[in-house]
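S.K.: The structure that follows is given in the form of structure tokens.
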Amino acid sequence: MEYTVSEKAFSNRDVYIGNFKGILPHGNGKYTWSDGTVYEGDWEQGKMTGKGELIWTSGAQYVGDFSGGYLHGYGIFTGCDGSFYQGSWRMNIQHGMGKKQYCNSDIYEGSWKEGVHEGSGRYLWNSGNTYIGSWKGGKMCGRGIMKWANGDLFNGFWLNGLRDGSGVYRFADGGYYFGTWSQGLKDGKGTFYPVGTKHPSLKKWCSSLDYCNDGTSLSGLLNSEESRARPSIKIGPIVILLESFIRYDSLCSLSHASEEGQPEAQDNSSVYEREYMQGVLIKERASNYTEISRKSKQRNKIAVMQEKRSCIDIFGAHSRSYYLMLNLQLGIRYTVGKITPVPVREVRSSDFGDRARIRMYFPRKGSQFTPPHYSVDFYWKDYCPMVFRNLREMFKLDAAEYMMSICGDDGLRELSSPGKSGSIFYLSHDDRFVIKTLRKTELKVLLKMLPSYYCHVGKHENTLITKFFGLHRITLRGGKKVRFMVMGNMFCTELRIHQRYDLKGSTIGRCTDKDKSDENTTLKDLDLKFEFHMDKLLRESLFKQISLDCMFLQSQQIIDYSLLLGLHFRAPENLKAFSQPPGTMHNHENLPTGDGVTSSQGELLIPPKGLLLVTHEPGSVSTAPGPHIRGSTLKAYSLGDKEVDLLLPGTGRLRVQLGVNMPAQANLKVLQDEVDSTEVELFEFYDVVLYMGIIDILQEYNVKKKIEHACKSLQFDPQSISAVEPELYAKRFINFLERVFPDLP
């Protein structure tokens with residue numbers, strides 16, 4: 001068909017001058033809308049496609065690629081407010097690599113997704129501040145470095161635009177703080193190194209974060225970007241050099257440079273081990289670099305030994321653990337996909353029997369029923385699939401979300417074993433589920449108690465007993481069998497868990513070595529320095545359920561279980577005004593001494609409330625089910641026996657349930673002469689939020705080895721079999737918890 005050149009005026013007063021193909025603009029032409037907007041460039045079948053220029057009546061202008069009538073490809077956009085964007089577009093939205101200068105002279109260059117910053121990028125504020133690192137949803141999120149105009153610098157992790165996770169803050173005067181942050185404030189343990197004090201190598205610290213807080217490999221993430229970006233990305237006439245913020249070495253270069261030109265550091269200079277609570281300093285201990293370094297080396301050595309024990313002893317190499325993770329994901333994806341379409345029905349006795357199994361062979365090349373994969377060949381067995389399917393339904397877990405959480409592209413991350421069992425622990429990428437390897441004896445105990453467990457959790461929605469979501473076995477080449485159970489993670493919370501305890505009610509061997517522990521260490525009975533005062537009704541509900549759960553475990557002949565307790569400390573509200581960006585408090589002389597902290601005589605008083613119970617409002621709190629959500633909303637005596645929510649000033653409003661978001665006051669019970677003279681506790685009372693559950697419920701008392709172990713831990717004669725009968729164990733367990741959570745008059 002021949003092309004014609006002509007001018008056409010439309011009924012809506014739009015005008016087109018240019019080439020036509022039939023009745024449609026095709027080729028080169030100029031289109032003027034009735035409001036004055038003008039496009040001049042390429043057309044295809046009546047739509048702007050190719051190169052062109054679009055000018056709006058507001059004065060905004062775009063020059064670049066079009067496709068199907070959209071800004072699509074590479075282009076330069078100049079806004080009517082003076083802003084300027086040069087980079088990639090997708091269907092009228094900034095998407096891909098690009099650079100934008102805002103009307104206030106701020107500049108962002110890096111990756112965009114659907115019109116917002118996403119991926120690696122650099123932002124320069126007009127004030128002189130600079131951020132280089134990861135973005136998500138338009139906010140700083142992931143690993144990154146912020147350098148302020150005053151010379152301060154933070155190298156660490158971010159979430160929703162705020163410092164969140166581990167990091168290093170370097171002060172302009174040369175001091176350093178290594179620690180953790182939450183929602184932009186120091187939160188948890190850390191170490192302050194004053195100017196002139198020797199501090200850990202920042203290069204080694206950066207390397208230690210190659211596997212980040214979320215378990216992903218930082219260098220792997222950056223290398224994936226490098227493969228697309230290096231040595232540069234060319235978009236039209238502009239070349240955006242990405243190496244400055246994509247290469248791993250460059251991420252640390254700003255911090256490393258700060259080590260040069262500093263005064264010679266002294267090993268014996270005082271450094272300060274500190275603990276913060278939402279930006280408020282609550283504890284400080286003077287030490288020196290040599291002591292801190294020794295503790296760090298001990299912790300690293302223990303972590304390596306745990307990894308070797310959990311991986312090498314069972315599989316012979318770390319890579320085998322990776323294969324195991326892949327096998328687990330393949331098997332769970334297959335099982336959930338197979339059982340979900342089956343119509344929902346009540347479980348039968350046969351669903352608990354020996355024949356209630358799903359078996360499948362997964363060859364590496366794939367088969368008629370299984371996909372090809374990159375792991376080793378393995379056999380898969382799923383135990384009691386209908387029972388666990390119904391349990392997941394009972395716990396209100398969506399099958400698709402469950403499968404994506406464990407089997408999604410983000411994968412699982414392996415944790416070092418917190419105990420002496422040598423088990424391997426995996427955590428789902430969203431922290432919702434914990435997967436643990438089992439011994440054969442533990443598998444048998446769980447299968448034996450499963451019918452009773454199913455009835456118990458169905459009858460008692462507030463149960464504190466561990467939630468089980470699946471039981472599986474993988475058989476590797478050579479006949480090696482590895483058994484797994486999938487559990488809910490009770491510490492998947494909206495709040496940071498500052499301390500966690502495994503409590504059995506015994507004393508022998510129930511403490512941890514302070515020099516070998518860190519913030520993530522699970523502490524034991526003798527490490528607990530607090531007793532917790534709770535609302536009368538909340539405490540009654542707690543112990544009523546603990547008694548019911550212990551009666552159930554007693555009926556199943558189970559001993560040696562524990563209460564896993566997580567503590568989130570709240571800072572006194574009157575001190576939060578003093579919570580400043582990390583680094584403003586260089587020494588303990590700057591601590592605030594406002595009202596409500598000390599009296600005129602210097603006595604420590606109960607600080608103002610950092611939390612508040614309010615009447616429950618369903619529309620004001622999240623009611624979404626989760627792996628740790630348990631049952632109904634609780635009632636509080638202090639609010640007239642009404643259902644309650646927990647209000648955390650400056651944080652949010654949470655639903656109070658048994659074992660979840662439970663408020664209490666933690667009273668320090670350690671005598672002054674028992675405290676290290678170099679350690680200063682600033683308060684005797686703390687507002688805390690409690691998370692708890694009963695774990696380790698797979699040990700039967702009639703196992704000889706366990707009897708001897710339990711007798712020893714409970715200070716009984718190992719020859720006295722009756723001493724560890726489940727009834728006595730339950731009684732001592734409850735009595736101990738009653739001392740931890742005393743009933744107030």
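Naming works like this for the structure tokens: A, B, ... for the chains as they're shown, residue 1 at the start of each chain, ligands 1 onward in shown order.
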With a distance cut-off of 6 Å and only C-alpha atoms, select the neighbouring residues of stretch 429-433 of chain A, excluding the residue or stretch itself and same-chain residues fewer than 2 positions from it, and output the selection as a PyMOL selection string.
M.R.: chain A and resi 412+427+487-489+492+627
S.K.: Of the candidates A:Glu461, A:Glu519, A:Asp42, A:Asp65, which one gets nearest to A:Asn19 if we count only C-alpha atoms?
M.R.: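 Looking at the shortest contact to A:Asn19, the residue is A:Asp42.
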S.K.: Excluding A:Tyr453 and residues on its chain fewer than 6 positions from it, collect all residues at most 10 Å away from it, counting only C-alpha atoms, and give them as a list in words.
M.R.: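 Near neighbours after the sequence-gap exclusion: Leu446, Leu447, Lys459, Ile465, Lys467, Phe468, Phe552, Leu553 and Gln556 of chain A.
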S.K.: What separation in Å, quoted to one decimal, exists between atom CA of A:Ser166 and atom CA of A:Met490?
M.R.: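 Interatomic distance here is 21.8 Å.
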S.K.: Would you mind writing down, as a PyMOL selection string, each residue of stretch 322-524 of chain A that DSSP on the backbone assigns to helix (DSSP H, G or I)?
M.R.: chain A and resi 322-339+349-352+385-394+399-407+440-459+514-516
S.K.: If we count only C-alpha atoms and set the cut-off at 10 Å, which residues sit around A:Phe543, ignoring sequence neighbours fewer than 5 positions away in its own chain? Please answer as a PyMOL selection string.
M.R.: chain A and resi 538+548-549+734+737-738+741
S.K.: I need the chosen residues saved as a compact mmCIF listing (two decimals), in the first residue's frame, with N, CA, C and O atoms.
M.R.:
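Resulting contents of selection-v3.txt:
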```txt
# COMPACT_ATOMS: atom_id res chain seq x y z
N LEU A 538 -4.42 -12.01 82.45
CA LEU A 538 -3.48 -12.54 81.47
C LEU A 538 -2.66 -13.68 82.08
O LEU A 538 -2.42 -14.70 81.42
N LEU A 548 -2.89 -27.23 81.03
CA LEU A 548 -3.53 -28.14 80.06
C LEU A 548 -2.50 -28.76 79.13
O LEU A 548 -2.57 -29.97 78.83
N ASP A 549 -1.54 -27.97 78.68
CA ASP A 549 -0.52 -28.50 77.78
C ASP A 549 0.38 -29.51 78.49
O ASP A 549 0.76 -30.53 77.91
N ILE A 734 6.02 -26.44 86.06
CA ILE A 734 5.02 -25.40 86.36
C ILE A 734 5.43 -24.60 87.59
O ILE A 734 5.29 -23.37 87.62
N LEU A 737 7.95 -22.01 86.61
CA LEU A 737 7.36 -20.89 85.87
C LEU A 737 6.55 -19.99 86.77
O LEU A 737 6.46 -18.77 86.54
N GLU A 738 5.96 -20.54 87.81
CA GLU A 738 5.20 -19.71 88.75
C GLU A 738 6.12 -18.76 89.51
O GLU A 738 5.69 -17.69 89.96
N PHE A 741 6.94 -16.04 86.81
CA PHE A 741 5.78 -15.16 86.63
C PHE A 741 4.97 -15.15 87.92
O PHE A 741 3.90 -15.77 88.00
```
S.K.: Residues near A:Val656, anyone? I mean within 9 Å using only C-alpha atoms, not counting same-chain ones fewer than 3 positions away, as number ranges by chain.
M.R.: A: 616, 632-635, 643-646, 659-663
